[in-house]
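Here's the structure, in structure tokens; my notes come after.
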Amino acid sequence: MLSSRISVFVYAADPVLGAGVAAQLRSRPEILVVGDHEIDSASVAVVVADEVDAETSRVIRGVRRDGCPRVVLVVSDLDDAGLLSAVEAGVSGVVRRHEAQPERLAAAVLAAKEGEGCLPPDLVGRLLHQVGRLQHQVLAPRGLSLSGFSDREISVLRLLAEGRDTAEIARMLAYSERTIKNVIHDITTRL
């Protein structure tokens, strides 16, 4: 069973909080809590914070940069801006601190290890609302979609995927070949 255990690194600015979460995780046989010097061997990190502020985002990014690919955030207070900041920083899951029982923590860690996300249902709704608002208020007025491509770029990509050459695409979309080549260049430069 030891070889199938998930190695987990726990970080908390408050050592008492960190010890509490580590103790909760140690009670689970499928989890092996590792120390600071073993962060690069951990499959998942659990970051414990009061709120998502600039420091918490920096810690999440730092943990990922130090070799731990997945991060579960255990947080006390999470507003919409904090939720977006956590997602932007790269969290795989969020658990509210008052709900951080061993079973819930273990489920979030396992989901993160498998590359899945884990959010309480109300946070999923809030996140979807924020993404929709971003699309309508920021991206759409600039002619962009959530993918970061404009409608014209998406049309060009679809036709390229069908095997069309630049002359055909230009004719089908009523643009010059030069415009189509510029669109393709812009896309490949961004990617």
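Here's how to read the names in the structure tokens: chain A, B, ... by the order shown, residue numbers from 1 in each chain, ligand numbers from 1 in the order shown.
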With only C-alpha atoms counted and 6 Å as the cut-off, give the residues of range 36-82 of chain A in contact with range 9-31 of chain A, each with its shortest interatomic distance in Å and the pair that gives it, as a tab-separated table.
```
residue	atom	partner	partner_atom	distance
A:Ile39	CA	A:Phe9	CA	5.9
A:Ala42	CA	A:Phe9	CA	5.9
A:Ala45	CA	A:Phe9	CA	4.6
A:Val46	CA	A:Val10	CA	4.8
A:Val47	CA	A:Tyr11	CA	4.8
A:Val48	CA	A:Ala12	CA	4.8
```
Residues from last step as file, N, CA and C atoms, as a PDB file, in the first residue's frame:
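Result file follows (again_7.pdb):
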```
ATOM      1  N   ILE A  39       9.467  18.689  -1.260  1.00  0.00           N
ATOM      2  CA  ILE A  39       8.380  19.293  -2.040  1.00  0.00           C
ATOM      3  C   ILE A  39       8.401  18.843  -3.492  1.00  0.00           C
ATOM      4  N   ALA A  42       6.486  15.662  -4.093  1.00  0.00           N
ATOM      5  CA  ALA A  42       5.056  15.640  -3.774  1.00  0.00           C
ATOM      6  C   ALA A  42       4.222  15.689  -5.051  1.00  0.00           C
ATOM      7  N   ALA A  45       0.237  19.628  -3.428  1.00  0.00           N
ATOM      8  CA  ALA A  45       0.504  20.496  -2.283  1.00  0.00           C
ATOM      9  C   ALA A  45      -0.833  20.984  -1.749  1.00  0.00           C
ATOM     10  N   VAL A  46      -0.907  21.145  -0.454  1.00  0.00           N
ATOM     11  CA  VAL A  46      -2.068  21.746   0.181  1.00  0.00           C
ATOM     12  C   VAL A  46      -1.590  23.052   0.795  1.00  0.00           C
ATOM     13  N   VAL A  47      -2.146  24.153   0.318  1.00  0.00           N
ATOM     14  CA  VAL A  47      -1.793  25.477   0.819  1.00  0.00           C
ATOM     15  C   VAL A  47      -2.944  25.958   1.694  1.00  0.00           C
ATOM     16  N   VAL A  48      -2.623  26.333   2.921  1.00  0.00           N
ATOM     17  CA  VAL A  48      -3.630  26.779   3.881  1.00  0.00           C
ATOM     18  C   VAL A  48      -3.487  28.292   4.047  1.00  0.00           C
TER      19      VAL A  48
END
```
Within 6 Å of range 112-127 of chain A using only C-alpha atoms, minus same-chain residues under 3 positions, as a list in words: Arg70, Ser92, Gly93, Val94, Ala108, Val109 and Gln130 of chain A
Selection to disk with all heavy atoms, as a PDB file, in the first residue's frame:
```pdb
ATOM      1  N   ARG A  70       0.289  20.090  -8.651  1.00  0.00           N
ATOM      2  CA  ARG A  70      -1.112  20.329  -8.292  1.00  0.00           C
ATOM      3  C   ARG A  70      -1.191  20.949  -6.903  1.00  0.00           C
ATOM      4  O   ARG A  70      -0.465  20.555  -5.991  1.00  0.00           O
ATOM      5  CB  ARG A  70      -1.892  19.030  -8.283  1.00  0.00           C
ATOM      6  CG  ARG A  70      -1.741  18.206  -9.547  1.00  0.00           C
ATOM      7  CD  ARG A  70      -2.805  18.560 -10.546  1.00  0.00           C
ATOM      8  NE  ARG A  70      -2.818  17.591 -11.627  1.00  0.00           N
ATOM      9  CZ  ARG A  70      -2.483  17.882 -12.864  1.00  0.00           C
ATOM     10  NH1 ARG A  70      -2.117  19.079 -13.179  1.00  0.00           N
ATOM     11  NH2 ARG A  70      -2.537  16.966 -13.806  1.00  0.00           N
ATOM     12  N   SER A  92      -5.886  23.500  -8.167  1.00  0.00           N
ATOM     13  CA  SER A  92      -6.676  22.413  -8.728  1.00  0.00           C
ATOM     14  C   SER A  92      -7.958  22.194  -7.948  1.00  0.00           C
ATOM     15  O   SER A  92      -8.888  21.572  -8.439  1.00  0.00           O
ATOM     16  CB  SER A  92      -5.875  21.109  -8.715  1.00  0.00           C
ATOM     17  OG  SER A  92      -4.725  21.227  -9.510  1.00  0.00           O
ATOM     18  N   GLY A  93      -7.971  22.667  -6.719  1.00  0.00           N
ATOM     19  CA  GLY A  93      -9.143  22.484  -5.893  1.00  0.00           C
ATOM     20  C   GLY A  93      -9.165  23.464  -4.747  1.00  0.00           C
ATOM     21  O   GLY A  93      -8.136  24.015  -4.373  1.00  0.00           O
ATOM     22  N   VAL A  94     -10.362  23.664  -4.205  1.00  0.00           N
ATOM     23  CA  VAL A  94     -10.542  24.563  -3.071  1.00  0.00           C
ATOM     24  C   VAL A  94     -11.409  23.844  -2.036  1.00  0.00           C
ATOM     25  O   VAL A  94     -12.427  23.242  -2.379  1.00  0.00           O
ATOM     26  CB  VAL A  94     -11.235  25.885  -3.494  1.00  0.00           C
ATOM     27  CG1 VAL A  94     -11.537  26.754  -2.285  1.00  0.00           C
ATOM     28  CG2 VAL A  94     -10.393  26.643  -4.508  1.00  0.00           C
ATOM     29  N   ALA A 108     -10.242  15.886  -2.119  1.00  0.00           N
ATOM     30  CA  ALA A 108      -9.689  16.989  -2.916  1.00  0.00           C
ATOM     31  C   ALA A 108      -8.277  16.660  -3.393  1.00  0.00           C
ATOM     32  O   ALA A 108      -7.917  16.940  -4.542  1.00  0.00           O
ATOM     33  CB  ALA A 108      -9.695  18.279  -2.104  1.00  0.00           C
ATOM     34  N   VAL A 109      -7.483  16.054  -2.534  1.00  0.00           N
ATOM     35  CA  VAL A 109      -6.111  15.660  -2.911  1.00  0.00           C
ATOM     36  C   VAL A 109      -6.140  14.616  -4.014  1.00  0.00           C
ATOM     37  O   VAL A 109      -5.400  14.709  -5.003  1.00  0.00           O
ATOM     38  CB  VAL A 109      -5.330  15.164  -1.671  1.00  0.00           C
ATOM     39  CG1 VAL A 109      -4.058  14.427  -2.078  1.00  0.00           C
ATOM     40  CG2 VAL A 109      -5.006  16.333  -0.751  1.00  0.00           C
ATOM     41  N   GLN A 130     -18.428  34.547 -13.013  1.00  0.00           N
ATOM     42  CA  GLN A 130     -17.284  35.432 -13.261  1.00  0.00           C
ATOM     43  C   GLN A 130     -16.743  35.251 -14.684  1.00  0.00           C
ATOM     44  O   GLN A 130     -16.408  36.225 -15.358  1.00  0.00           O
ATOM     45  CB  GLN A 130     -16.169  35.175 -12.246  1.00  0.00           C
ATOM     46  CG  GLN A 130     -16.482  35.619 -10.854  1.00  0.00           C
ATOM     47  CD  GLN A 130     -16.621  37.127 -10.763  1.00  0.00           C
ATOM     48  OE1 GLN A 130     -15.946  37.883 -11.452  1.00  0.00           O
ATOM     49  NE2 GLN A 130     -17.532  37.572  -9.926  1.00  0.00           N
TER      50      GLN A 130
END
```
Among range 71-174 of chain A, which ones does DSSP place in strand (DSSP E or B), written as a list in words?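 Answer for range 71-174 of chain A restricted to strand (DSSP E or B) is Val71, Val72, Leu73, Val74, Val75, Ser76, Asp77, Gly93, Val94, Val95, Arg96, Cys118, Leu144 and Ser150 of chain A.
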DSSP says helix (DSSP H, G or I) for which residues of range 57-140 of chain A? Put them as a ChimeraX atom specification? /A:57-65,80-89,97-99,102-113,121-140
Please produce a file of the residues just selected, as a short mmCIF file (atom, residue, chain, number, x, y, z; two decimals), in the first residue's frame, where the atoms kept are C-alpha atoms.
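Contents of part-v3.cif, as written:
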```cif
data_model
loop_
_atom_site.label_atom_id
_atom_site.label_comp_id
_atom_site.auth_asym_id
_atom_site.auth_seq_id
_atom_site.Cartn_x
_atom_site.Cartn_y
_atom_site.Cartn_z
CA SER A 57 -1.11 33.70 -4.99
CA ARG A 58 2.68 34.03 -4.82
CA VAL A 59 2.90 30.94 -2.59
CA ILE A 60 0.68 28.88 -4.92
CA ARG A 61 2.80 29.84 -7.94
CA GLY A 62 6.01 29.19 -5.99
CA VAL A 63 4.91 25.73 -4.87
CA ARG A 64 4.08 24.83 -8.46
CA ARG A 65 7.38 26.27 -9.69
CA ASP A 80 -15.11 36.38 -6.12
CA ALA A 81 -11.82 38.21 -6.73
CA GLY A 82 -10.00 35.70 -4.53
CA LEU A 83 -11.58 32.79 -6.38
CA LEU A 84 -10.41 34.15 -9.72
CA SER A 85 -6.94 34.85 -8.30
CA ALA A 86 -6.70 31.29 -6.98
CA VAL A 87 -7.70 29.85 -10.35
CA GLU A 88 -5.28 32.15 -12.14
CA ALA A 89 -2.47 31.09 -9.78
CA ARG A 97 -11.30 25.60 6.13
CA HIS A 98 -14.40 24.89 8.21
CA GLU A 99 -15.14 21.92 5.89
CA PRO A 102 -10.01 14.27 6.63
CA GLU A 103 -12.45 12.77 4.10
CA ARG A 104 -12.99 16.05 2.26
CA LEU A 105 -9.26 16.86 2.22
CA ALA A 106 -8.42 13.38 0.95
CA ALA A 107 -11.06 13.61 -1.78
CA ALA A 108 -9.69 16.99 -2.92
CA VAL A 109 -6.11 15.66 -2.91
CA LEU A 110 -7.09 12.56 -4.89
CA ALA A 111 -9.03 14.65 -7.42
CA ALA A 112 -6.05 16.99 -7.84
CA LYS A 113 -3.65 14.05 -8.26
CA PRO A 121 -20.94 23.68 -5.71
CA ASP A 122 -21.60 27.33 -4.84
CA LEU A 123 -18.04 28.24 -5.90
CA VAL A 124 -18.57 26.53 -9.26
CA GLY A 125 -21.60 28.75 -9.81
CA ARG A 126 -19.68 31.86 -8.76
CA LEU A 127 -16.76 30.95 -11.01
CA LEU A 128 -19.04 30.36 -14.00
CA HIS A 129 -20.70 33.71 -13.36
CA GLN A 130 -17.28 35.43 -13.26
CA VAL A 131 -16.17 33.75 -16.50
CA GLY A 132 -19.42 34.75 -18.22
CA ARG A 133 -19.01 38.32 -17.02
CA LEU A 134 -15.43 38.36 -18.29
CA GLN A 135 -16.61 37.15 -21.69
CA HIS A 136 -19.41 39.73 -21.98
CA GLN A 137 -17.70 42.77 -20.48
CA VAL A 138 -14.07 42.36 -21.53
CA LEU A 139 -13.55 39.89 -24.36
CA ALA A 140 -16.66 40.26 -26.54
#
```
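For the pair CA of Arg5 in chain A and CA of Val52 in chain A, the interatomic distance is 29.0 Å.
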Work out how far CA of Leu73 in chain A is from CA of Val91 in chain A, in Å to one decimal.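 That distance, rounded to one decimal, is 6.6 Å.
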I'd like the interatomic distance between CA of Gly35 in chain A and CA of Val8 in chain A, to a tenth of an Å. 8.7 Å
Contact check, range 70-166 of chain A to range 181-184 of chain A, at most 9 Å, counting only C-alpha atoms, closest pairs as a tab-separated table:
```
residue	atom	partner	partner_atom	distance
A:Arg152	CA	A:Val183	CA	8.3
A:Glu153	CA	A:Val183	CA	6.4
A:Val156	CA	A:Ile184	CA	7.6
A:Leu157	CA	A:Ile184	CA	8.0
A:Thr166	CA	A:Lys181	CA	6.9
```
Output N, CA and C atoms for every residue in the selection just made, as a PDB file, in the first residue's frame.
```
ATOM      1  N   ARG A 152     -12.796  35.758 -36.715  1.00  0.00           N
ATOM      2  CA  ARG A 152     -12.071  35.570 -37.977  1.00  0.00           C
ATOM      3  C   ARG A 152     -10.967  34.530 -37.805  1.00  0.00           C
ATOM      4  N   GLU A 153     -10.228  34.586 -36.694  1.00  0.00           N
ATOM      5  CA  GLU A 153      -9.154  33.623 -36.466  1.00  0.00           C
ATOM      6  C   GLU A 153      -9.707  32.206 -36.331  1.00  0.00           C
ATOM      7  N   VAL A 156     -10.564  30.929 -39.812  1.00  0.00           N
ATOM      8  CA  VAL A 156      -9.340  30.555 -40.542  1.00  0.00           C
ATOM      9  C   VAL A 156      -8.806  29.227 -40.019  1.00  0.00           C
ATOM     10  N   LEU A 157      -8.770  29.052 -38.694  1.00  0.00           N
ATOM     11  CA  LEU A 157      -8.280  27.798 -38.121  1.00  0.00           C
ATOM     12  C   LEU A 157      -9.133  26.606 -38.540  1.00  0.00           C
ATOM     13  N   THR A 166      -4.206  28.791 -48.319  1.00  0.00           N
ATOM     14  CA  THR A 166      -4.496  30.200 -48.046  1.00  0.00           C
ATOM     15  C   THR A 166      -5.349  30.840 -49.139  1.00  0.00           C
TER      16      THR A 166
END
```
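By chain and then residue number, the residues within 9 Å of Ile169 in chain A are A:Ser155, A:Val156, A:Leu159, A:Leu160, A:Tyr175, A:Glu177, A:Ile180, counting only C-alpha atoms and disregarding those fewer than 6 positions away in sequence.
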Could those residues be written to a file, using N, CA and C atoms, as a short mmCIF file (atom, residue, chain, number, x, y, z; two decimals), in the first residue's frame?
```
data_model
loop_
_atom_site.label_atom_id
_atom_site.label_comp_id
_atom_site.auth_asym_id
_atom_site.auth_seq_id
_atom_site.Cartn_x
_atom_site.Cartn_y
_atom_site.Cartn_z
N SER A 155 -12.44 31.07 -37.72
CA SER A 155 -12.85 30.65 -39.06
C SER A 155 -11.65 30.19 -39.87
N VAL A 156 -10.56 30.93 -39.81
CA VAL A 156 -9.34 30.56 -40.54
C VAL A 156 -8.81 29.23 -40.02
N LEU A 159 -10.88 26.26 -41.29
CA LEU A 159 -10.62 25.96 -42.70
C LEU A 159 -9.23 25.34 -42.88
N LEU A 160 -8.25 25.80 -42.10
CA LEU A 160 -6.93 25.17 -42.15
C LEU A 160 -7.02 23.72 -41.72
N TYR A 175 -11.42 37.63 -47.98
CA TYR A 175 -10.26 38.41 -47.55
C TYR A 175 -9.16 38.22 -48.56
N GLU A 177 -5.32 37.15 -49.68
CA GLU A 177 -4.41 36.09 -49.23
C GLU A 177 -3.44 36.64 -48.19
N ILE A 180 -5.05 36.61 -44.81
CA ILE A 180 -5.10 35.25 -44.27
C ILE A 180 -3.73 34.83 -43.76
#
```
